[in-house]
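Next comes query31.cif, a file with mmCIF, C-alpha atoms.
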```cif
data_query
loop_
_atom_site.label_atom_id
_atom_site.label_comp_id
_atom_site.auth_asym_id
_atom_site.auth_seq_id
_atom_site.Cartn_x
_atom_site.Cartn_y
_atom_site.Cartn_z
CA MET A 1 145.97 87.65 51.04
CA GLU A 2 142.53 88.22 49.59
CA LEU A 3 139.68 87.54 51.99
CA LYS A 4 138.00 85.19 49.50
CA ASN A 5 140.94 82.82 49.88
CA ILE A 6 140.20 82.18 53.54
CA VAL A 7 136.41 82.48 53.74
CA LYS A 8 134.45 79.22 53.74
CA LYS A 9 133.89 78.06 50.19
CA GLN A 10 130.16 77.57 50.71
CA ILE A 11 129.82 81.25 51.65
CA ILE A 12 131.39 82.29 48.34
CA ASN A 13 128.88 80.15 46.45
CA LEU A 14 125.89 81.10 48.59
CA PRO A 15 123.13 82.87 46.61
CA VAL A 16 121.69 86.06 48.10
CA TYR A 17 118.05 85.84 49.14
CA GLU A 18 116.19 88.68 47.45
CA THR A 19 113.27 89.95 49.47
CA GLY A 20 110.23 91.69 48.09
CA LYS A 21 111.00 95.36 47.48
CA PRO A 22 110.01 97.58 50.43
CA ILE A 23 107.57 100.40 49.75
CA GLU A 24 110.17 103.02 50.70
CA TYR A 25 112.67 101.67 48.13
CA VAL A 26 110.15 101.85 45.30
CA ALA A 27 109.04 105.33 46.36
CA ARG A 28 112.61 106.60 46.21
CA GLU A 29 113.47 104.82 42.98
CA PHE A 30 110.47 106.06 41.01
CA GLY A 31 109.67 109.30 42.82
CA LEU A 32 106.31 108.09 44.14
CA ASP A 33 104.29 108.93 47.24
CA PRO A 34 104.77 105.92 49.55
CA ASP A 35 101.20 106.26 50.81
CA GLY A 36 99.95 105.47 47.30
CA ILE A 37 102.03 102.33 46.81
CA LEU A 38 100.56 98.83 47.11
CA LYS A 39 102.94 96.09 48.21
CA MET A 40 101.62 92.77 46.90
CA ALA A 41 104.96 90.98 46.75
CA SER A 42 105.77 89.37 50.09
CA ASN A 43 102.55 87.61 51.07
CA GLU A 44 101.89 89.93 53.99
CA ASN A 45 98.44 90.20 55.53
CA PRO A 46 96.51 93.08 53.88
CA LEU A 47 94.40 93.54 57.02
CA GLY A 48 97.46 94.51 59.01
CA PRO A 49 98.54 92.88 62.29
CA SER A 50 96.28 91.07 64.72
CA PRO A 51 94.57 93.75 66.86
CA LYS A 52 95.05 91.65 69.98
CA ALA A 53 98.76 91.41 69.22
CA VAL A 54 99.01 95.19 68.77
CA GLU A 55 97.28 95.78 72.09
CA ALA A 56 99.57 93.33 73.89
CA VAL A 57 102.73 94.78 72.34
CA SER A 58 101.74 98.33 73.29
CA LYS A 59 101.54 97.30 76.94
CA HIS A 60 105.11 95.99 77.02
CA LEU A 61 107.02 98.91 75.51
CA ASN A 62 108.26 100.16 78.88
CA GLY A 63 109.94 96.85 79.62
CA LEU A 64 112.39 96.92 76.73
CA ASN A 65 115.33 97.48 79.08
CA TYR A 66 114.99 93.84 80.14
CA TYR A 67 116.17 90.86 78.15
CA PRO A 68 113.39 88.68 76.69
CA ASP A 69 112.52 85.28 78.09
CA GLY A 70 115.29 83.17 76.61
CA GLY A 71 113.15 80.05 76.59
CA SER A 72 109.85 81.63 75.45
CA TYR A 73 108.14 79.82 78.33
CA ASP A 74 104.70 81.44 78.11
CA LEU A 75 104.52 81.02 74.33
CA ARG A 76 105.54 77.37 74.49
CA MET A 77 102.93 76.73 77.19
CA LYS A 78 100.24 78.38 75.06
CA LEU A 79 101.24 76.36 72.00
CA SER A 80 101.24 73.21 74.13
CA GLN A 81 97.60 73.86 75.02
CA LYS A 82 96.68 74.68 71.43
CA TRP A 83 98.22 71.56 69.90
CA GLY A 84 97.93 69.02 72.71
CA LEU A 85 101.69 68.51 72.83
CA LYS A 86 104.29 68.95 75.57
CA PRO A 87 106.02 72.34 75.91
CA SER A 88 109.31 70.51 75.39
CA GLN A 89 108.21 69.56 71.87
CA PHE A 90 108.38 73.19 70.71
CA ALA A 91 111.19 75.47 69.62
CA ILE A 92 110.64 79.18 69.03
CA GLY A 93 112.50 80.98 66.25
CA ASN A 94 113.14 84.45 64.88
CA GLY A 95 110.64 83.63 62.16
CA SER A 96 110.33 80.09 60.81
CA ASN A 97 113.27 80.91 58.51
CA GLU A 98 115.63 80.70 61.45
CA LEU A 99 114.20 77.32 62.41
CA LEU A 100 114.76 76.03 58.86
CA GLU A 101 118.39 76.98 59.23
CA PHE A 102 118.56 75.26 62.62
CA VAL A 103 117.19 72.04 61.14
CA ALA A 104 119.88 72.09 58.46
CA GLN A 105 122.60 72.87 61.00
CA CYS A 106 121.51 69.90 63.11
CA PHE A 107 121.60 67.32 60.33
CA VAL A 108 123.51 68.51 57.26
CA GLY A 109 127.27 68.40 56.82
CA GLU A 110 129.80 68.12 54.03
CA GLY A 111 128.53 65.72 51.37
CA ASP A 112 125.06 65.26 52.89
CA GLU A 113 122.02 65.81 50.68
CA THR A 114 118.68 67.51 51.10
CA VAL A 115 115.73 66.96 48.76
CA PHE A 116 113.10 69.54 47.84
CA GLY A 117 110.97 70.73 44.95
CA ALA A 118 112.67 72.84 42.29
CA GLN A 119 110.09 75.60 42.75
CA SER A 120 109.82 75.49 46.53
CA PHE A 121 111.06 77.97 49.13
CA ILE A 122 114.61 79.08 48.33
CA VAL A 123 115.74 79.04 51.99
CA TYR A 124 115.95 75.22 51.79
CA LYS A 125 118.67 75.66 49.19
CA LEU A 126 120.44 78.43 51.10
CA ALA A 127 120.45 76.51 54.39
CA THR A 128 121.81 73.39 52.70
CA ILE A 129 124.63 75.20 50.90
CA PHE A 130 125.57 77.10 54.06
CA CYS A 131 126.04 73.80 55.90
CA GLY A 132 128.19 72.35 53.12
CA GLY A 133 125.52 69.99 51.85
CA LYS A 134 124.32 69.15 48.36
CA CYS A 135 120.93 70.29 47.07
CA VAL A 136 118.82 67.75 45.20
CA SER A 137 116.24 69.84 43.39
CA VAL A 138 113.34 67.79 42.03
CA PRO A 139 111.28 69.02 39.03
CA MET A 140 107.71 70.14 39.69
CA PRO A 141 105.66 69.44 36.55
CA ASN A 142 102.81 71.93 36.09
CA LEU A 143 104.04 73.78 39.20
CA LYS A 144 103.04 70.84 41.44
CA TYR A 145 104.90 68.34 43.60
CA ASP A 146 105.43 64.93 42.03
CA LEU A 147 105.71 62.83 45.19
CA ASP A 148 107.01 59.79 43.33
CA MET A 149 109.84 61.84 41.84
CA LEU A 150 110.52 63.40 45.22
CA ARG A 151 110.73 59.96 46.86
CA ASP A 152 112.95 58.58 44.09
CA ALA A 153 115.43 61.39 44.74
CA VAL A 154 116.06 60.14 48.29
CA THR A 155 119.33 58.23 48.61
CA GLU A 156 121.55 56.93 51.39
CA LYS A 157 123.10 60.41 51.52
CA THR A 158 119.77 62.17 52.13
CA LYS A 159 119.41 63.78 55.54
CA ILE A 160 116.34 66.00 55.07
CA VAL A 161 113.34 66.23 52.76
CA PHE A 162 111.84 69.73 52.79
CA MET A 163 108.24 70.41 51.77
CA THR A 164 106.10 73.56 51.91
CA ASN A 165 102.35 72.97 51.83
CA PRO A 166 100.78 75.02 50.33
CA ASN A 167 103.93 75.50 48.34
CA ASN A 168 105.68 78.84 48.00
CA PRO A 169 105.83 80.27 45.36
CA THR A 170 103.56 78.08 43.21
CA GLY A 171 100.72 77.59 45.73
CA CYS A 172 100.14 73.90 44.97
CA VAL A 173 98.44 71.88 47.71
CA VAL A 174 99.14 68.29 48.81
CA LYS A 175 96.33 66.49 50.64
CA GLN A 176 96.49 64.78 54.05
CA ASP A 177 96.66 61.17 52.84
CA GLU A 178 99.27 62.01 50.21
CA VAL A 179 101.57 63.68 52.73
CA VAL A 180 101.15 60.92 55.31
CA ASN A 181 101.84 58.14 52.82
CA PHE A 182 104.87 60.00 51.52
CA VAL A 183 106.33 60.41 55.01
CA LYS A 184 105.75 56.74 55.79
CA SER A 185 107.67 55.81 52.64
CA LEU A 186 110.83 57.61 53.79
CA PRO A 187 113.75 55.76 55.40
CA GLU A 188 113.79 56.10 59.16
CA ASN A 189 117.11 57.97 59.07
CA VAL A 190 115.67 60.83 56.97
CA VAL A 191 114.10 63.89 58.60
CA PHE A 192 110.92 65.26 57.03
CA CYS A 193 110.80 69.04 57.49
CA TYR A 194 107.25 70.21 56.85
CA ASP A 195 106.84 73.96 56.33
CA GLU A 196 103.30 75.09 57.22
CA ALA A 197 103.77 78.85 56.71
CA TYR A 198 100.59 79.11 54.62
CA THR A 199 98.55 76.22 55.94
CA GLU A 200 96.25 78.38 58.06
CA PHE A 201 94.73 79.81 54.90
CA GLN A 202 93.41 76.32 54.07
CA ASP A 203 90.05 74.92 55.11
CA ASP A 204 91.54 71.44 55.52
CA GLU A 205 94.92 71.48 57.25
CA VAL A 206 97.27 68.49 57.12
CA ASP A 207 97.91 67.10 60.62
CA LEU A 208 101.19 65.23 61.14
CA ARG A 209 101.02 65.01 64.94
CA PRO A 210 100.06 61.31 64.78
CA LEU A 211 103.26 60.61 62.84
CA ILE A 212 105.29 62.49 65.45
CA SER A 213 103.60 60.42 68.17
CA GLU A 214 104.57 57.26 66.29
CA GLY A 215 108.21 58.29 66.61
CA ARG A 216 108.81 59.35 63.01
CA ASN A 217 111.43 61.99 62.30
CA VAL A 218 109.02 64.78 61.44
CA ILE A 219 109.38 68.45 62.32
CA CYS A 220 106.63 70.94 61.44
CA LEU A 221 107.17 74.69 61.21
CA ARG A 222 104.68 77.54 61.49
CA THR A 223 104.94 81.32 61.44
CA PHE A 224 103.13 84.33 62.88
CA SER A 225 104.09 86.38 59.80
CA LYS A 226 101.25 85.40 57.49
CA ILE A 227 97.72 84.92 58.75
CA TYR A 228 98.45 86.67 62.07
CA GLY A 229 100.02 89.65 60.28
CA LEU A 230 103.15 89.86 62.46
CA ALA A 231 105.86 89.71 59.79
CA GLY A 232 107.66 92.73 61.27
CA LEU A 233 108.07 91.04 64.66
CA ARG A 234 109.71 87.84 63.34
CA CYS A 235 108.36 84.90 65.30
CA GLY A 236 107.81 81.29 64.30
CA TYR A 237 107.79 77.90 65.95
CA SER A 238 108.42 74.23 65.33
CA TYR A 239 106.87 71.15 66.87
CA SER A 240 108.34 67.66 66.79
CA SER A 241 109.46 64.93 69.13
CA GLU A 242 111.04 66.08 72.40
CA GLU A 243 114.39 64.75 71.24
CA LEU A 244 114.36 66.64 67.93
CA ALA A 245 113.15 69.85 69.60
CA GLY A 246 115.93 69.43 72.14
CA TYR A 247 118.56 69.42 69.41
CA ILE A 248 117.06 72.56 67.87
CA ASN A 249 117.08 74.30 71.24
CA ARG A 250 120.73 73.39 71.82
CA ILE A 251 121.88 75.49 68.88
CA ARG A 252 119.29 78.24 69.30
CA GLU A 253 120.70 81.41 70.81
CA PRO A 254 119.15 82.18 74.23
CA PHE A 255 117.55 85.53 73.28
CA ASN A 256 116.73 84.85 69.64
CA VAL A 257 113.11 86.06 69.86
CA ASN A 258 112.50 89.53 71.30
CA THR A 259 109.97 90.39 73.98
CA LEU A 260 107.51 92.17 71.70
CA ALA A 261 107.49 89.24 69.28
CA GLN A 262 106.75 86.82 72.10
CA VAL A 263 103.91 88.81 73.66
CA GLY A 264 102.45 89.66 70.25
CA ALA A 265 102.48 86.02 69.16
CA LEU A 266 100.97 84.94 72.49
CA ALA A 267 98.05 87.36 72.09
CA ALA A 268 97.57 86.57 68.38
CA LEU A 269 96.88 82.93 69.21
CA ASP A 270 93.64 84.10 70.87
CA ASP A 271 92.57 86.28 67.94
CA ALA A 272 90.30 83.79 66.18
CA GLU A 273 88.10 86.59 64.82
CA PHE A 274 91.04 88.16 62.99
CA VAL A 275 92.22 84.81 61.63
CA ASN A 276 88.76 83.97 60.32
CA GLU A 277 88.39 87.39 58.68
CA SER A 278 91.84 87.06 57.10
CA ARG A 279 90.85 83.71 55.64
CA ARG A 280 87.52 85.10 54.37
CA ILE A 281 89.17 88.07 52.64
CA ASN A 282 91.77 85.76 51.15
CA ASN A 283 89.15 83.41 49.71
CA LEU A 284 87.22 86.33 48.19
CA GLY A 285 90.38 87.79 46.70
CA ARG A 286 91.40 84.49 45.15
CA LYS A 287 88.08 84.30 43.31
CA GLN A 288 88.48 87.93 42.23
CA PHE A 289 91.89 87.27 40.65
CA GLU A 290 90.79 83.99 39.07
CA LYS A 291 87.80 85.67 37.44
CA ALA A 292 89.91 88.56 36.15
CA PHE A 293 92.70 86.36 34.78
CA GLY A 294 90.14 84.12 33.10
CA GLU A 295 88.48 87.10 31.40
CA LEU A 296 91.89 88.36 30.25
CA GLY A 297 92.80 84.95 28.85
CA LEU A 298 95.85 84.65 31.09
CA GLU A 299 97.24 81.36 32.32
CA TYR A 300 97.27 81.31 36.10
CA PHE A 301 97.82 78.94 39.01
CA SER A 302 95.75 79.31 42.15
CA GLU A 303 95.31 76.59 44.76
CA GLY A 304 96.50 77.59 48.22
CA GLY A 305 98.28 80.18 50.33
CA ASN A 306 97.55 83.90 50.22
CA PHE A 307 98.82 84.53 46.70
CA VAL A 308 98.24 83.65 43.05
CA MET A 309 100.59 83.03 40.13
CA VAL A 310 99.96 84.49 36.67
CA LYS A 311 101.87 83.92 33.44
CA VAL A 312 102.61 86.99 31.31
CA GLU A 313 104.96 87.86 28.49
CA ASP A 314 108.11 89.69 29.70
CA ALA A 315 107.26 89.18 33.37
CA SER A 316 110.44 90.93 34.54
CA GLY A 317 109.60 93.98 32.44
CA LYS A 318 106.05 94.05 33.73
CA PHE A 319 107.37 93.76 37.28
CA VAL A 320 109.29 97.02 36.75
CA GLN A 321 106.39 98.73 34.97
CA MET A 322 104.01 97.77 37.76
CA GLN A 323 106.36 99.38 40.28
CA LYS A 324 106.33 102.61 38.27
CA ARG A 325 102.54 102.51 38.64
CA GLY A 326 102.83 102.03 42.38
CA VAL A 327 102.10 98.29 42.60
CA ILE A 328 104.83 95.92 43.82
CA VAL A 329 104.50 92.27 42.78
CA ARG A 330 107.08 89.46 42.75
CA PRO A 331 109.00 88.11 39.76
CA ASN A 332 110.09 84.45 39.86
CA VAL A 333 113.28 84.34 37.79
CA GLY A 334 115.18 82.95 40.77
CA TYR A 335 112.79 80.00 40.89
CA GLY A 336 113.24 79.16 37.23
CA LEU A 337 109.87 80.70 36.35
CA PRO A 338 110.81 83.79 34.29
CA ASP A 339 107.34 84.12 32.73
CA TRP A 340 105.42 84.15 36.00
CA LEU A 341 104.49 86.83 38.53
CA ARG A 342 103.41 86.01 42.08
CA ILE A 343 100.81 88.39 43.48
CA THR A 344 99.78 88.58 47.12
CA ILE A 345 96.02 88.54 47.59
CA GLY A 346 94.86 91.82 49.10
CA LYS A 347 91.61 93.52 50.00
CA PRO A 348 89.07 93.80 47.15
CA GLU A 349 89.99 97.38 46.23
CA GLN A 350 93.71 96.52 46.26
CA ASN A 351 93.16 93.51 44.03
CA GLU A 352 91.11 95.62 41.63
CA ARG A 353 93.82 98.23 41.32
CA CYS A 354 96.47 95.56 40.74
CA ILE A 355 94.34 93.94 38.03
CA GLU A 356 93.69 97.26 36.29
CA GLU A 357 97.37 98.23 36.29
CA LEU A 358 98.38 94.83 34.92
CA LYS A 359 95.65 95.03 32.27
CA LYS A 360 97.20 98.26 30.95
CA LEU A 361 100.47 96.43 30.29
CA LEU A 362 99.05 93.48 28.36
#
```
Encoded form using C-alpha cells:
Amino acid sequence: MELKNIVKKQIINLPVYETGKPIEYVAREFGLDPDGILKMASNENPLGPSPKAVEAVSKHLNGLNYYPDGGSYDLRMKLSQKWGLKPSQFAIGNGSNELLEFVAQCFVGEGDETVFGAQSFIVYKLATIFCGGKCVSVPMPNLKYDLDMLRDAVTEKTKIVFMTNPNNPTGCVVKQDEVVNFVKSLPENVVFCYDEAYTEFQDDEVDLRPLISEGRNVICLRTFSKIYGLAGLRCGYSYSSEELAGYINRIREPFNVNTLAQVGALAALDDAEFVNESRRINNLGRKQFEKAFGELGLEYFSEGGNFVMVKVEDASGKFVQMQKRGVIVRPNVGYGLPDWLRITIGKPEQNERCIEELKKLL
C-alpha cells in the first residue's frame, strides 16, 4: 500500500511554508562570498541580537546538560511584571508560530472555519488545514484589511479570526479603536487571535488587555524574533485569560523552549536602549526606501513593520537577479501578489545597496 493512502488527507493537501533563502544557500547557488551577501528577506533585525541577550546566553552555555525550565517560570514572571497580568495568563512558545498552531489545535476541528485576510501571514492557513478546518480568506483591497468584509465572513462555523497588525506581508496598520470595535462585534463563541509580531516597531501600539479583562475571547501573540533580534533562538509568548492560556499550556510540550532562548528573552526585555535604536533605524530606513521608490516612479506600500513592499515588473525574475547580485529579498507569489517584492528595512548602507542593485534591473 502506498503511504499516501494512509496518511491524513490534510497532510497531503498541506502547502509547504517557504522561508526566506538563507545566506549560505544563495552563496552556494551563485558562487558568491557569503560575507558579501545581504539578507533582506525575512524581516530580521539588521542590528543583530540584543546585546543584553547575548551576554546572558553566553553565561549559560555550561548548563546545557540540564533540561530547560519546562514552565518558563522566570520568563512568565518577568512578562507578568511588564504587562500587569498574572503569570498564569501567559504561554511561552518556540516562536509565536508554535503558539499560532496551538491556538488552532485548541479550537479547530473537521468542518470548523477560520477567517483571515487573503494577504496575511500564511501560517494561519497552514494551521487551519493541519487541523482539518476550512480557511475563509477575505480579500484585502489595496493591500489593507477591510474590517467590514472580515466581519461579514464570520459564520456559525467560525472558530477563530486571525489578524496580524501591522500585517505581514503588506504592512498595513489598523488603529486601536478600529481593532477594539471589530473585536466587540464578534460573536462570543469566536476567538480573536491577534498577532503582534511587528507591533513594537509602531509608535502607537494597540492594547487589547482591557478586552481580555472584560472576559472576551482574545489571545495576543508576540515574538522575540523581530525587534529583539533573537530569531535564531525561537521564543515567543501569548497572553490571554487564565482559562485560554491554560488550554494552550495543556497541549504545549514541557520542554518546548530551550534554556538559551529563555534566558536570552528574559535579558532582552530589559534592553530598552537596543529596542529604541532598532525602532529609530527602522524609521530612518523606511523614509530612505520611500524617497528612493518615489524618485524611481515605483508603486510601493509602506505603513508598519520593519519592511516595505514595492511593485515591479517580473518580480520573480528580479528576485533571482537580486540574489545573483548578493541581495536577498522576498517574492510574494504565494500571497497572490506576483508583482510585489517585500524588502526588510536594514541599516542605511544596506538599504542604499539594495536600492542601487534594484535600480540596475529596472
Exercise. When the PyMOL selection byres ((chain A and resi 27-37) around 9) is applied to the file above, which residues end up in the set, as a ChimeraX atom specification?
Worked result: /A:22-26,38-39,323-328
Problem set entry | Residue among A:Ser185, A:Ser240, A:Gln321, A:Thr155 lying closest to Glu113 (chain A), counting all atoms listed in the file | A:Thr155
For this session: Quick one: everything within 8 Å of Asn43 (chain A), counting all atoms listed in the file, minus sequence neighbours fewer than 3 positions away in the same chain. Send it as a PyMOL selection string.
Result: chain A and resi 40+226+306-307+343-345
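The residues returned by the PyMOL selection byres ((chain A and resi 191) around 9) for this structure are A:Phe107, A:Thr158, A:Lys159, A:Ile160, A:Val161, A:Phe162, A:Leu186, A:Pro187, A:Glu188, A:Asn189, A:Val190, A:Phe192, A:Cys193, A:Arg216, A:Asn217, A:Val218, A:Ile219.
Each of A:Phe130, A:Leu260, A:Val206, A:Ser241 was compared to Glu55 (chain A) using only C-alpha atoms, and A:Leu260 turns out to be the nearest.
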Start from the incomplete input, build all heavy atoms for region 264-275 of chain A, and deliver everything as a CSV table (one decimal), in the coordinates of the input.
```csv
chain,number,residue,atom,x,y,z
A,264,GLY,N,103.3,89.5,71.4
A,264,GLY,CA,102.4,89.7,70.2
A,264,GLY,C,101.9,88.3,69.7
A,264,GLY,O,100.8,88.2,69.5
A,265,ALA,N,102.9,87.4,69.6
A,265,ALA,CA,102.5,86.0,69.2
A,265,ALA,C,101.5,85.4,70.2
A,265,ALA,O,100.5,84.7,69.8
A,265,ALA,CB,103.7,85.2,69.0
A,266,LEU,N,101.8,85.5,71.4
A,266,LEU,CA,101.0,84.9,72.5
A,266,LEU,C,99.5,85.5,72.4
A,266,LEU,O,98.6,84.7,72.4
A,266,LEU,CB,101.6,85.3,73.9
A,266,LEU,CG,101.0,84.6,75.1
A,266,LEU,CD1,101.3,83.1,75.0
A,266,LEU,CD2,101.6,85.2,76.3
A,267,ALA,N,99.4,86.8,72.2
A,267,ALA,CA,98.0,87.4,72.1
A,267,ALA,C,97.4,87.0,70.8
A,267,ALA,O,96.2,86.7,70.7
A,267,ALA,CB,98.2,88.9,72.2
A,268,ALA,N,98.1,86.9,69.7
A,268,ALA,CA,97.6,86.6,68.4
A,268,ALA,C,96.9,85.2,68.4
A,268,ALA,O,95.9,85.0,67.7
A,268,ALA,CB,98.6,86.7,67.3
A,269,LEU,N,97.4,84.3,69.2
A,269,LEU,CA,96.9,82.9,69.2
A,269,LEU,C,95.4,82.9,69.7
A,269,LEU,O,94.7,82.0,69.4
A,269,LEU,CB,97.7,82.0,70.1
A,269,LEU,CG,99.1,81.6,69.5
A,269,LEU,CD1,99.9,80.9,70.6
A,269,LEU,CD2,98.9,80.7,68.3
A,270,ASP,N,95.0,84.0,70.4
A,270,ASP,CA,93.6,84.1,70.9
A,270,ASP,C,92.8,84.9,69.9
A,270,ASP,O,91.6,85.1,70.2
A,270,ASP,CB,93.6,84.7,72.3
A,270,ASP,CG,94.1,83.8,73.3
A,270,ASP,OD1,93.9,82.6,73.2
A,270,ASP,OD2,94.7,84.3,74.3
A,271,ASP,N,93.3,85.4,68.8
A,271,ASP,CA,92.6,86.3,67.9
A,271,ASP,C,91.9,85.5,66.8
A,271,ASP,O,92.2,85.7,65.6
A,271,ASP,CB,93.5,87.4,67.4
A,271,ASP,CG,92.8,88.6,67.0
A,271,ASP,OD1,91.5,88.6,66.9
A,271,ASP,OD2,93.4,89.7,66.9
A,272,ALA,N,91.0,84.6,67.2
A,272,ALA,CA,90.3,83.8,66.2
A,272,ALA,C,89.5,84.6,65.2
A,272,ALA,O,89.4,84.3,64.0
A,272,ALA,CB,89.4,82.8,66.9
A,273,GLU,N,88.9,85.7,65.7
A,273,GLU,CA,88.1,86.6,64.8
A,273,GLU,C,88.9,87.2,63.7
A,273,GLU,O,88.5,87.2,62.5
A,273,GLU,CB,87.5,87.7,65.6
A,273,GLU,CG,86.6,88.7,64.8
A,273,GLU,CD,86.0,89.8,65.7
A,273,GLU,OE1,86.2,89.8,66.9
A,273,GLU,OE2,85.4,90.7,65.1
A,274,PHE,N,90.2,87.6,64.0
A,274,PHE,CA,91.0,88.2,63.0
A,274,PHE,C,91.5,87.1,62.0
A,274,PHE,O,91.5,87.3,60.8
A,274,PHE,CB,92.3,88.8,63.7
A,274,PHE,CG,93.3,89.4,62.7
A,274,PHE,CD1,93.0,90.6,62.1
A,274,PHE,CD2,94.4,88.7,62.4
A,274,PHE,CE1,94.0,91.1,61.2
A,274,PHE,CE2,95.4,89.2,61.5
A,274,PHE,CZ,95.1,90.4,60.9
A,275,VAL,N,91.8,85.9,62.5
A,275,VAL,CA,92.2,84.8,61.6
A,275,VAL,C,91.1,84.4,60.7
A,275,VAL,O,91.3,84.3,59.5
A,275,VAL,CB,92.7,83.6,62.5
A,275,VAL,CG1,92.8,82.3,61.6
A,275,VAL,CG2,93.9,83.9,63.2
```
